[in-house]
>>> print(open('final.cif').read())   # mmCIF, C-alpha atoms
data_my_file
#
loop_
_atom_site.label_atom_id
_atom_site.label_comp_id
_atom_site.auth_asym_id
_atom_site.auth_seq_id
_atom_site.Cartn_x
_atom_site.Cartn_y
_atom_site.Cartn_z
CA MET H 8 51.77 -34.29 158.90
CA PHE H 9 51.99 -37.46 160.95
CA THR H 10 49.75 -39.28 158.51
CA ALA H 11 52.19 -38.34 155.78
CA ILE H 12 55.18 -39.63 157.72
CA ILE H 13 53.42 -42.84 158.69
CA ALA H 14 52.16 -43.40 155.15
CA ILE H 15 55.60 -42.96 153.61
CA ALA H 16 57.14 -45.16 156.29
CA LEU H 17 54.58 -47.88 155.62
CA LEU H 18 55.20 -47.57 151.89
CA ALA H 19 58.92 -47.89 152.47
CA LEU H 20 58.41 -50.92 154.67
CA THR H 21 56.21 -52.66 152.10
CA PHE H 22 58.63 -51.98 149.28
CA GLY H 23 61.57 -53.02 151.41
CA LEU H 24 59.92 -56.33 152.25
CA LEU H 25 58.98 -56.84 148.60
CA LEU H 26 62.53 -56.23 147.41
CA GLY H 27 63.95 -58.35 150.21
CA PHE H 28 61.83 -61.33 149.29
CA ALA H 29 62.46 -60.75 145.59
CA SER H 30 66.21 -60.76 146.16
CA ILE H 31 65.92 -64.13 147.92
CA TYR H 32 63.59 -65.55 145.31
CA PHE H 33 65.61 -64.28 142.33
CA LYS H 34 68.99 -65.02 143.83
CA VAL H 35 71.55 -65.58 141.10
CA GLU H 36 73.67 -68.68 141.43
CA GLY H 37 77.29 -68.24 140.63
CA ASP H 38 80.58 -67.34 142.17
CA PRO H 39 80.76 -63.58 142.47
CA ILE H 40 84.50 -63.66 143.17
CA VAL H 41 85.10 -65.16 139.71
CA GLU H 42 83.10 -62.32 138.18
CA GLN H 43 85.11 -59.76 140.10
CA ILE H 44 88.43 -61.30 139.09
CA ASP H 45 87.28 -61.63 135.50
CA LYS H 46 86.38 -57.95 135.46
CA LEU H 47 89.91 -56.97 136.48
CA LEU H 48 91.53 -59.00 133.70
CA PRO H 49 92.11 -57.21 130.39
CA GLN H 50 89.94 -59.66 128.38
CA THR H 51 92.52 -60.06 125.64
CA GLN H 52 91.88 -63.84 125.67
CA CYS H 53 95.52 -64.20 124.64
CA GLY H 54 96.22 -67.35 126.64
CA GLN H 55 99.67 -66.21 127.78
CA CYS H 56 98.70 -67.27 131.31
CA SER H 57 98.53 -70.87 129.97
CA PHE H 58 94.75 -70.93 130.43
CA ALA H 59 92.30 -70.94 127.54
CA GLY H 60 91.18 -67.38 128.17
CA CYS H 61 90.58 -64.76 130.82
CA ARG H 62 87.56 -66.46 132.36
CA PRO H 63 89.25 -69.85 132.94
CA TYR H 64 92.22 -68.02 134.45
CA ALA H 65 89.86 -66.12 136.75
CA GLU H 66 88.25 -69.40 137.82
CA ALA H 67 91.64 -70.96 138.49
CA MET H 68 92.66 -67.94 140.55
CA ALA H 69 89.41 -68.09 142.53
CA ASN H 70 90.13 -71.75 143.34
CA GLY H 71 93.67 -70.89 144.35
CA GLU H 72 95.15 -72.99 141.54
CA ALA H 73 96.88 -70.16 139.73
CA ASP H 74 99.06 -67.28 140.79
CA ILE H 75 98.05 -63.67 140.28
CA ASN H 76 101.14 -62.75 138.27
CA ARG H 77 100.47 -64.58 135.01
CA CYS H 78 98.86 -61.81 132.96
CA PRO H 79 101.34 -59.87 130.79
CA PRO H 80 98.78 -57.70 128.97
CA GLY H 81 97.37 -56.52 132.28
CA GLY H 82 100.82 -55.91 133.65
CA GLU H 83 101.62 -54.45 137.01
CA ALA H 84 98.33 -52.58 137.35
CA THR H 85 96.32 -55.78 137.05
CA ILE H 86 98.56 -57.62 139.50
CA GLN H 87 98.13 -54.77 141.96
CA ALA H 88 94.35 -54.81 141.56
CA LEU H 89 94.20 -58.60 141.90
CA ALA H 90 96.39 -58.49 145.00
CA ASN H 91 94.04 -55.92 146.53
CA LEU H 92 90.97 -57.97 145.69
CA LEU H 93 92.34 -61.31 146.86
CA GLU H 94 94.30 -59.81 149.74
CA VAL H 95 97.60 -61.39 148.84
CA GLU H 96 101.10 -60.01 148.35
CA VAL H 97 101.98 -58.22 145.12
CA LYS H 98 104.40 -60.25 143.00
CA PRO H 99 106.38 -59.32 139.91
CA LEU H 100 105.13 -60.64 136.59
CA ASP H 101 105.95 -64.29 135.93
CA ASP H 102 108.68 -64.37 133.26
CA GLU H 103 107.54 -67.61 131.68
CA CYS H 104 104.24 -65.97 130.64
CA GLY H 105 105.86 -63.12 128.75
CA GLU H 106 106.63 -59.51 129.43
CA GLU H 107 104.46 -56.46 129.72
CA LYS H 108 104.20 -54.54 126.46
CA PRO H 109 102.19 -51.51 125.45
CA LYS H 110 98.88 -52.40 123.86
CA THR H 111 99.24 -53.25 120.19
CA LEU H 112 96.91 -53.78 117.32
CA ALA H 113 97.14 -56.40 114.60
CA VAL H 114 97.21 -55.01 111.06
CA ILE H 115 97.05 -57.22 108.00
CA ASP H 116 99.16 -56.18 105.04
CA GLU H 117 96.37 -56.58 102.54
CA ASP H 118 98.66 -56.82 99.52
CA ARG H 119 100.40 -59.86 100.90
CA CYS H 120 97.36 -61.65 102.39
CA ILE H 121 96.53 -64.83 100.48
CA GLY H 122 93.21 -65.48 102.19
CA CYS H 123 94.12 -68.68 104.02
CA THR H 124 91.75 -68.06 107.00
CA LEU H 125 94.36 -69.41 109.45
CA CYS H 126 94.42 -66.18 111.41
CA ILE H 127 90.62 -66.15 111.64
CA GLN H 128 90.74 -69.52 113.37
CA ALA H 129 93.44 -68.31 115.73
CA CYS H 130 91.67 -65.10 116.77
CA PRO H 131 90.07 -65.57 120.19
CA VAL H 132 87.81 -62.53 119.93
CA ASP H 133 86.55 -62.88 116.34
CA ALA H 134 88.17 -59.63 115.30
CA ILE H 135 89.28 -60.78 111.84
CA LEU H 136 86.94 -60.71 108.89
CA GLY H 137 87.55 -62.59 105.67
CA ALA H 138 86.83 -65.71 103.67
CA ALA H 139 88.87 -68.35 101.88
CA LYS H 140 90.94 -66.80 99.06
CA HIS H 141 89.64 -63.36 99.92
CA MET H 142 91.58 -60.64 101.63
CA HIS H 143 91.25 -60.52 105.41
CA THR H 144 91.09 -57.50 107.61
CA VAL H 145 91.12 -56.72 111.32
CA PHE H 146 88.47 -54.84 113.24
CA ALA H 147 90.54 -52.33 115.15
CA ASP H 148 87.85 -51.93 117.80
CA GLU H 149 87.67 -55.64 118.53
CA CYS H 150 91.37 -56.50 118.34
CA THR H 151 92.87 -57.01 121.79
CA GLY H 152 96.47 -57.18 120.56
CA CYS H 153 97.02 -60.76 121.77
CA GLU H 154 99.38 -61.65 118.87
CA LEU H 155 97.85 -65.11 118.48
CA CYS H 156 97.24 -64.45 114.78
CA VAL H 157 100.87 -63.59 114.01
CA GLU H 158 102.19 -67.13 114.43
CA PRO H 159 99.83 -69.07 112.10
CA CYS H 160 100.16 -66.64 109.15
CA PRO H 161 102.08 -68.49 106.39
CA VAL H 162 103.09 -65.31 104.54
CA ASP H 163 103.90 -63.19 107.60
CA CYS H 164 101.55 -60.44 106.60
CA ILE H 165 100.32 -59.52 110.08
CA ASP H 166 102.14 -56.76 111.90
CA MET H 167 101.57 -55.65 115.44
CA ILE H 168 101.54 -51.87 115.57
CA GLU H 169 101.47 -49.80 118.69
CA THR H 170 98.15 -48.09 119.18
CA LYS H 171 98.12 -44.36 119.47
CA ALA H 172 96.56 -43.12 122.68
CA LYS H 173 93.08 -41.77 122.14
CA PRO H 174 91.42 -39.58 124.76
CA ASN H 175 89.59 -42.59 126.16
CA THR H 176 92.60 -44.91 126.20
CA TRP H 177 95.28 -42.50 127.33
CA ARG H 178 96.91 -43.28 130.63
CA TRP H 179 99.57 -41.71 132.74
CA PRO H 180 102.93 -43.07 131.62
CA ASP H 181 104.20 -45.97 133.66
CA PRO H 182 106.79 -44.48 136.03
CA SER H 183 108.86 -47.66 135.97
CA ARG H 184 109.63 -47.08 132.28
CA ILE H 185 111.13 -43.67 132.77
CA ASP H 186 114.91 -43.89 133.05
CA LEU H 187 116.02 -41.62 135.79
CA GLN H 188 119.65 -40.84 136.42
CA PRO H 189 120.51 -40.47 140.10
CA GLY H 190 119.74 -36.95 141.25
CA GLU H 191 117.75 -36.08 138.13
CA GLN H 192 114.13 -35.03 138.05
CA SER H 193 111.84 -36.01 135.24
CA MET E 29 36.76 -50.36 123.67
CA ALA E 30 37.34 -47.67 121.06
CA ASP E 31 38.54 -45.41 123.87
CA TYR E 32 41.27 -47.85 124.78
CA ALA E 33 42.37 -48.24 121.16
CA LEU E 34 42.48 -44.47 120.92
CA ILE E 35 44.67 -44.24 124.03
CA LEU E 36 47.10 -46.71 122.49
CA ILE E 37 47.25 -44.93 119.14
CA SER E 38 47.53 -41.59 120.85
CA THR E 39 50.43 -42.62 123.09
CA ILE E 40 52.29 -44.63 120.49
CA LEU E 41 52.04 -42.29 117.52
CA VAL E 42 50.39 -38.95 118.13
CA ASN E 43 51.78 -38.05 121.53
CA ASN E 44 54.91 -40.14 121.29
CA ILE E 45 56.72 -39.80 124.58
CA VAL E 46 60.12 -39.21 123.02
CA LEU E 47 59.52 -37.38 119.79
CA VAL E 48 56.52 -35.25 120.68
CA LYS E 49 56.71 -34.87 124.45
CA PHE E 50 60.53 -34.96 124.51
CA LEU E 51 60.75 -37.16 127.59
CA GLY E 52 63.30 -39.92 128.01
CA LEU E 53 65.88 -38.47 125.64
CA CYS E 54 68.83 -39.84 127.61
CA PRO E 55 68.28 -43.54 126.84
CA PHE E 56 67.07 -42.50 123.38
CA MET E 57 70.53 -41.13 122.61
CA GLY E 58 72.50 -43.41 124.91
CA VAL E 59 71.27 -46.89 124.09
CA SER E 60 70.56 -46.50 120.40
CA ARG E 61 73.95 -47.49 119.07
CA LYS E 62 73.13 -51.13 118.53
CA LEU E 63 69.84 -52.63 117.48
CA GLU E 64 69.94 -55.50 119.97
CA THR E 65 70.67 -53.24 122.91
CA ALA E 66 67.88 -50.93 121.82
CA MET E 67 65.44 -53.84 121.72
CA GLY E 68 66.54 -55.05 125.14
CA MET E 69 66.24 -51.56 126.56
CA GLY E 70 62.83 -51.20 124.93
CA LEU E 71 61.61 -54.42 126.52
CA ALA E 72 62.97 -53.53 129.95
CA THR E 73 61.49 -50.03 129.77
CA THR E 74 58.13 -51.40 128.61
CA PHE E 75 58.02 -53.69 131.61
CA VAL E 76 59.03 -50.96 134.03
CA LEU E 77 56.77 -48.29 132.56
CA THR E 78 53.66 -50.45 132.53
CA LEU E 79 54.24 -51.80 136.02
CA SER E 80 55.18 -48.43 137.48
CA SER E 81 52.19 -46.63 135.98
CA ILE E 82 49.90 -49.29 137.44
CA CYS E 83 51.60 -49.10 140.84
CA SER E 84 51.63 -45.34 140.93
CA TYR E 85 47.95 -45.25 139.99
CA LEU E 86 47.17 -47.60 142.88
CA ILE E 87 49.26 -45.59 145.31
CA ASN E 88 47.75 -42.31 144.20
CA GLU E 89 44.22 -43.64 144.35
CA TYR E 90 44.30 -45.72 147.52
CA LEU E 91 46.97 -44.08 149.62
CA LEU E 92 47.62 -40.47 148.70
CA THR E 93 44.12 -39.26 147.85
CA PRO E 94 42.26 -40.82 150.81
CA LEU E 95 44.84 -39.53 153.27
CA ASN E 96 44.88 -36.12 151.62
CA ILE E 97 48.64 -36.17 151.11
CA GLU E 98 48.82 -35.54 147.38
CA PHE E 99 51.77 -33.24 147.96
CA LEU E 100 53.86 -36.39 148.42
CA ARG E 101 52.97 -37.55 144.94
CA THR E 102 56.31 -36.95 143.22
CA ILE E 103 58.43 -38.51 145.93
CA SER E 104 56.23 -41.56 146.30
CA PHE E 105 56.14 -42.05 142.53
CA ILE E 106 59.92 -41.90 142.37
CA PHE E 107 59.93 -44.37 145.19
CA VAL E 108 57.67 -46.74 143.26
CA ILE E 109 59.75 -46.39 140.12
CA ALA E 110 62.99 -47.11 141.97
CA VAL E 111 61.50 -50.25 143.48
CA VAL E 112 60.08 -51.46 140.19
CA VAL E 113 63.43 -50.90 138.47
CA GLN E 114 65.27 -52.78 141.20
CA PHE E 115 62.78 -55.58 140.87
CA THR E 116 63.18 -55.67 137.10
CA GLU E 117 66.93 -55.73 137.48
CA MET E 118 66.70 -58.79 139.69
CA VAL E 119 64.33 -60.54 137.30
CA VAL E 120 66.48 -59.76 134.27
CA HIS E 121 69.63 -60.84 136.10
CA LYS E 122 67.99 -64.14 136.93
CA THR E 123 66.25 -64.85 133.65
CA SER E 124 68.63 -63.40 131.05
CA PRO E 125 72.21 -62.82 132.21
CA LEU E 126 73.19 -61.85 128.68
CA LEU E 127 70.62 -59.06 128.47
CA TYR E 128 71.69 -58.02 131.95
CA GLN E 129 75.26 -57.68 130.74
CA VAL E 130 74.30 -55.88 127.55
CA LEU E 131 72.09 -53.35 129.30
CA GLY E 132 74.65 -52.88 132.05
CA ILE E 133 74.38 -49.46 133.64
CA PHE E 134 71.34 -48.50 131.57
CA LEU E 135 69.11 -50.89 133.48
CA PRO E 136 69.38 -49.09 136.85
CA LEU E 137 69.34 -45.83 134.92
CA ILE E 138 65.71 -46.48 133.92
CA THR E 139 65.05 -45.05 137.40
CA THR E 140 66.16 -41.68 136.15
CA ASN E 141 64.36 -42.00 132.83
CA CYS E 142 62.06 -39.02 133.11
CA ALA E 143 59.57 -40.70 130.78
CA VAL E 144 58.69 -43.12 133.56
CA LEU E 145 57.93 -40.41 136.12
CA GLY E 146 56.40 -38.27 133.37
CA VAL E 147 53.88 -40.95 132.42
CA ALA E 148 52.92 -41.53 136.06
CA LEU E 149 52.32 -37.82 136.58
CA LEU E 150 50.51 -37.38 133.27
CA ASN E 151 48.19 -40.22 134.31
CA VAL E 152 47.24 -38.31 137.44
CA GLN E 153 46.84 -35.08 135.50
CA ALA E 154 44.56 -36.74 132.95
CA GLN E 155 42.62 -38.44 135.79
CA ASN E 156 42.96 -41.81 134.09
CA GLY E 157 41.34 -44.87 135.62
CA PHE E 158 43.11 -48.14 136.38
CA LEU E 159 42.94 -49.71 132.94
CA GLU E 160 43.50 -46.38 131.23
CA SER E 161 46.62 -45.78 133.31
CA ALA E 162 47.96 -49.22 132.51
CA LEU E 163 47.24 -48.73 128.81
CA TYR E 164 48.71 -45.23 128.84
CA GLY E 165 51.91 -46.56 130.41
CA PHE E 166 52.04 -49.51 128.07
CA GLY E 167 51.35 -47.37 125.00
CA ALA E 168 53.95 -44.81 125.97
CA ALA E 169 56.47 -47.61 126.48
CA VAL E 170 55.64 -49.21 123.13
CA GLY E 171 56.03 -45.83 121.49
CA PHE E 172 59.35 -45.35 123.26
CA SER E 173 60.60 -48.80 122.23
CA MET E 174 59.45 -48.37 118.65
CA VAL E 175 61.16 -45.02 118.27
CA LEU E 176 64.28 -46.36 119.98
CA VAL E 177 64.47 -49.34 117.64
CA ILE E 178 63.87 -47.23 114.54
CA PHE E 179 66.48 -44.74 115.67
CA ALA E 180 68.99 -47.48 116.47
CA ALA E 181 68.50 -49.01 113.04
CA MET E 182 69.13 -45.62 111.46
CA ARG E 183 72.20 -45.00 113.58
CA GLU E 184 73.64 -48.36 112.57
CA ARG E 185 73.44 -47.20 108.98
CA ILE E 186 74.70 -43.72 109.79
CA ALA E 187 77.71 -45.30 111.51
CA VAL E 188 78.94 -46.63 108.16
CA ALA E 189 77.73 -43.70 106.09
CA ASP E 190 79.98 -40.94 104.84
CA VAL E 191 79.04 -38.18 107.25
CA PRO E 192 80.79 -34.80 106.95
CA VAL E 193 83.36 -34.44 109.73
CA PRO E 194 81.66 -31.63 111.70
CA PHE E 195 78.44 -33.65 111.89
CA GLN E 196 79.95 -36.97 112.96
CA GLY E 197 78.86 -38.68 116.16
CA ALA E 198 76.24 -37.15 118.40
CA ALA E 199 75.58 -34.23 116.05
CA ILE E 200 74.18 -36.31 113.21
CA GLY E 201 72.30 -38.35 115.81
CA LEU E 202 70.55 -35.28 117.14
CA ILE E 203 69.77 -34.04 113.63
CA THR E 204 68.26 -37.41 112.80
CA ALA E 205 66.22 -37.33 116.00
CA GLY E 206 64.98 -33.87 115.06
CA LEU E 207 63.92 -35.04 111.61
CA MET E 208 62.16 -38.03 113.14
CA SER E 209 60.41 -35.73 115.56
CA MET E 210 59.19 -33.56 112.69
CA ALA E 211 57.96 -36.66 110.90
CA PHE E 212 56.04 -37.70 114.00
CA MET E 213 54.46 -34.26 114.21
CA GLY E 214 52.65 -35.39 111.07
CA PHE E 215 50.52 -37.69 113.18
CA THR E 216 48.99 -34.73 115.00
CA GLY E 217 45.32 -34.60 114.18
CA LEU E 218 45.07 -38.35 113.62
CA VAL E 219 43.11 -38.67 116.85
CA LYS E 220 42.11 -36.16 119.47
CA VAL E 221 42.88 -37.40 122.97
#
>>> encode(input="final.cif", output="structure tokens")
Amino acid sequence: MFTAIIAIALLALTFGLLLGFASIYFKVEGDPIVEQIDKLLPQTQCGQCSFAGCRPYAEAMANGEADINRCPPGGEATIQALANLLEVEVKPLDDECGEEKPKTLAVIDEDRCIGCTLCIQACPVDAILGAAKHMHTVFADECTGCELCVEPCPVDCIDMIETKAKPNTWRWPDPSRIDLQPGEQS
Amino acid sequence: MADYALILISTILVNNIVLVKFLGLCPFMGVSRKLETAMGMGLATTFVLTLSSICSYLINEYLLTPLNIEFLRTISFIFVIAVVVQFTEMVVHKTSPLLYQVLGIFLPLITTNCAVLGVALLNVQAQNGFLESALYGFGAAVGFSMVLVIFAAMRERIAVADVPVPFQGAAIGLITAGLMSMAFMGFTGLVKV
């Protein structure tokens, strides 16, 4: 029995040493805090925070150059998570960035689309398919609802519709949106 | 030499680890949605399977058998596999961050891929030597990757096909896997190993 224990212990020791050295040798350069912040952001790449996308905003936050309350698509939940991660005070959303809205989805009215490709160039996540003088369409799975394609459209054929909650996107309703009269229970 | 070729053919086609032995079905269903992911998973699993079958052969031959503690085989093999997977994860993270991101949770989950433990135990059962074990592991992994890639390619087409509503999603996937398995049964009798 003791041979078994010693053998397994030795095996564990060898493997532990191996992994330890491997983790030093294969150490990945990079700022893990940026990764963590980037993971909390909604990845809409909408640029409402005044940075070019979620990653640059995460880098700015990691360097202390940007505040945590500049992400309207993420809303209060993201601010809360960022405040927890960075151990700072929770702040309300910065008004100059926009306001928190439910997640929407861009839909192209295909009868009106003239195939100008302007919205394709505006889309930060490559969610629009089409070619010059051909009808365009939006990949619903890829669209982040950033509204960047609405502005450049010359014929105003892009509408933002509210997405219906699917089982994997459904969330508890935001309590701050429920209007409660004094003394009333929801 | 012919023996080694036979081992490869046997593990890749005749006794395919997924479709004939029904091991490793979780990544087979889980990572076969996109062709690129399937290829990445195939490569990672090939690396892990080959390395772990070599390591577990060495441990069985030079540690467990001499000390007469074969009853610790399963736990020490799992141990080896976990270490090899961790090691692979580090290597992949360092060398290909993109693949690391694509594989995500499935990379550490290779640990629980029963094909990996299955091959190590089958090696012991078949009393394979060093080179045979390595080839058996490698062949099984190639078979796994091949089937995974074929299946992923089919699923990419199924995704845009007009599938009847009750069969959509996992159901048609499983039916396809069953048909593939039946097709692979056709290789039985090609070689006897």
>>> resolve_selection(input="final.cif", expression="the PyMOL selection byres ((chain E) within 8 of (chain H))", output="ChimeraX atom specification")
/E:91,95,97,100,104,111,114-115,118-119,121-122
>>> resolve_selection(input="final.cif", expression="the PyMOL selection byres ((chain E and resi 126-134) around 8)", output="list in words")
Pro55, Val59, Thr65, Gly68, Met69, Glu117, Val120, His121, Ser124, Pro125, Leu135, Pro136, Leu137 and Ile138 of chain E
>>> resolve_selection(input="final.cif", expression="the PyMOL selection byres ((chain H and resi 65-78) around 8)", output="list in words")
Ile40, Val41, Glu42, Ile44, Asp45, Leu48, Gln55, Cys56, Cys61, Arg62, Pro63, Tyr64, Pro79, Pro80, Gly81, Gly82, Thr85, Ile86, Leu89, Ala90, Lys98, Pro99, Leu100, Asp101 and Cys104 of chain H
>>> closest_residue(input="final.cif", among="H:Leu47, H:Cys160, H:Val97, H:Val114", to="Cys126 in chain H", atoms="all atoms listed in the file")
H:Cys160
>>> residues_around(input="final.cif", residues="Val108 in chain E", least_positions_apart="6", cutoff="7 Å", atoms="all atoms listed in the file", output="list in words")
Ser80, Cys83 and Ser84 of chain E
>>> atom_distance(input="final.cif", atom1="CA of Asn43 in chain E", atom2="CA of Gln196 in chain E")
29.5 Å
>>> closest_residue(input="final.cif", among="E:Gly206, E:Gly167, E:Gly201, E:Gly214", to="Ala33 in chain E", atoms="all atoms listed in the file")
E:Gly167
>>> residues_near_point(input="final.cif", point="(52.5, -41.3, 133.0)", cutoff="10 Å", atoms="all atoms listed in the file", output="ChimeraX atom specification")
/E:45,77-78,80-82,84-85,142-154,156,161-162,164-166,168-169
>>> closest_residue(input="final.cif", among="E:Leu53, E:Met29, E:Leu36, E:Ala72", to="Gly171 in chain E", atoms="only C-alpha atoms")
E:Leu36
>>> residues_around(input="final.cif", residues="Arg61 in chain E", least_positions_apart="4", cutoff="7 Å", atoms="all atoms listed in the file", output="list in words")
Ala180, Arg183 and Glu184 of chain E
>>> write_last_selection(input="final.cif", atoms="C-alpha atoms", output="PDB file, keeping the file's coordinate frame")
ATOM      1  CA  ALA E 180      68.990 -47.480 116.470  1.00  0.00           C
ATOM      2  CA  ARG E 183      72.200 -45.000 113.580  1.00  0.00           C
ATOM      3  CA  GLU E 184      73.640 -48.360 112.570  1.00  0.00           C
TER       4      GLU E 184
END
>>> atom_distance(input="final.cif", atom1="CA of Thr216 in chain E", atom2="CA of Leu41 in chain E")
8.5 Å
>>> residues_near_point(input="final.cif", point="(96.5, -65.7, 116.2)", cutoff="7 Å", atoms="all atoms listed in the file", output="MDAnalysis selection string")
chainID H and resid 126 129:130 154:159
>>> axis_aligned_box(input="final.cif", around="range 83-95 of chain E", padding_each_side="8 Å", output="JSON")
{"center_x": 46.9, "center_y": -44.2, "center_z": 146.6, "size_x": 25.4, "size_y": 25.8, "size_z": 29.3}
>>> closest_residue(input="final.cif", among="E:Ser173, E:Ser209, E:Asn88, E:Ser38", to="Ser60 in chain E", atoms="only C-alpha atoms")
E:Ser173
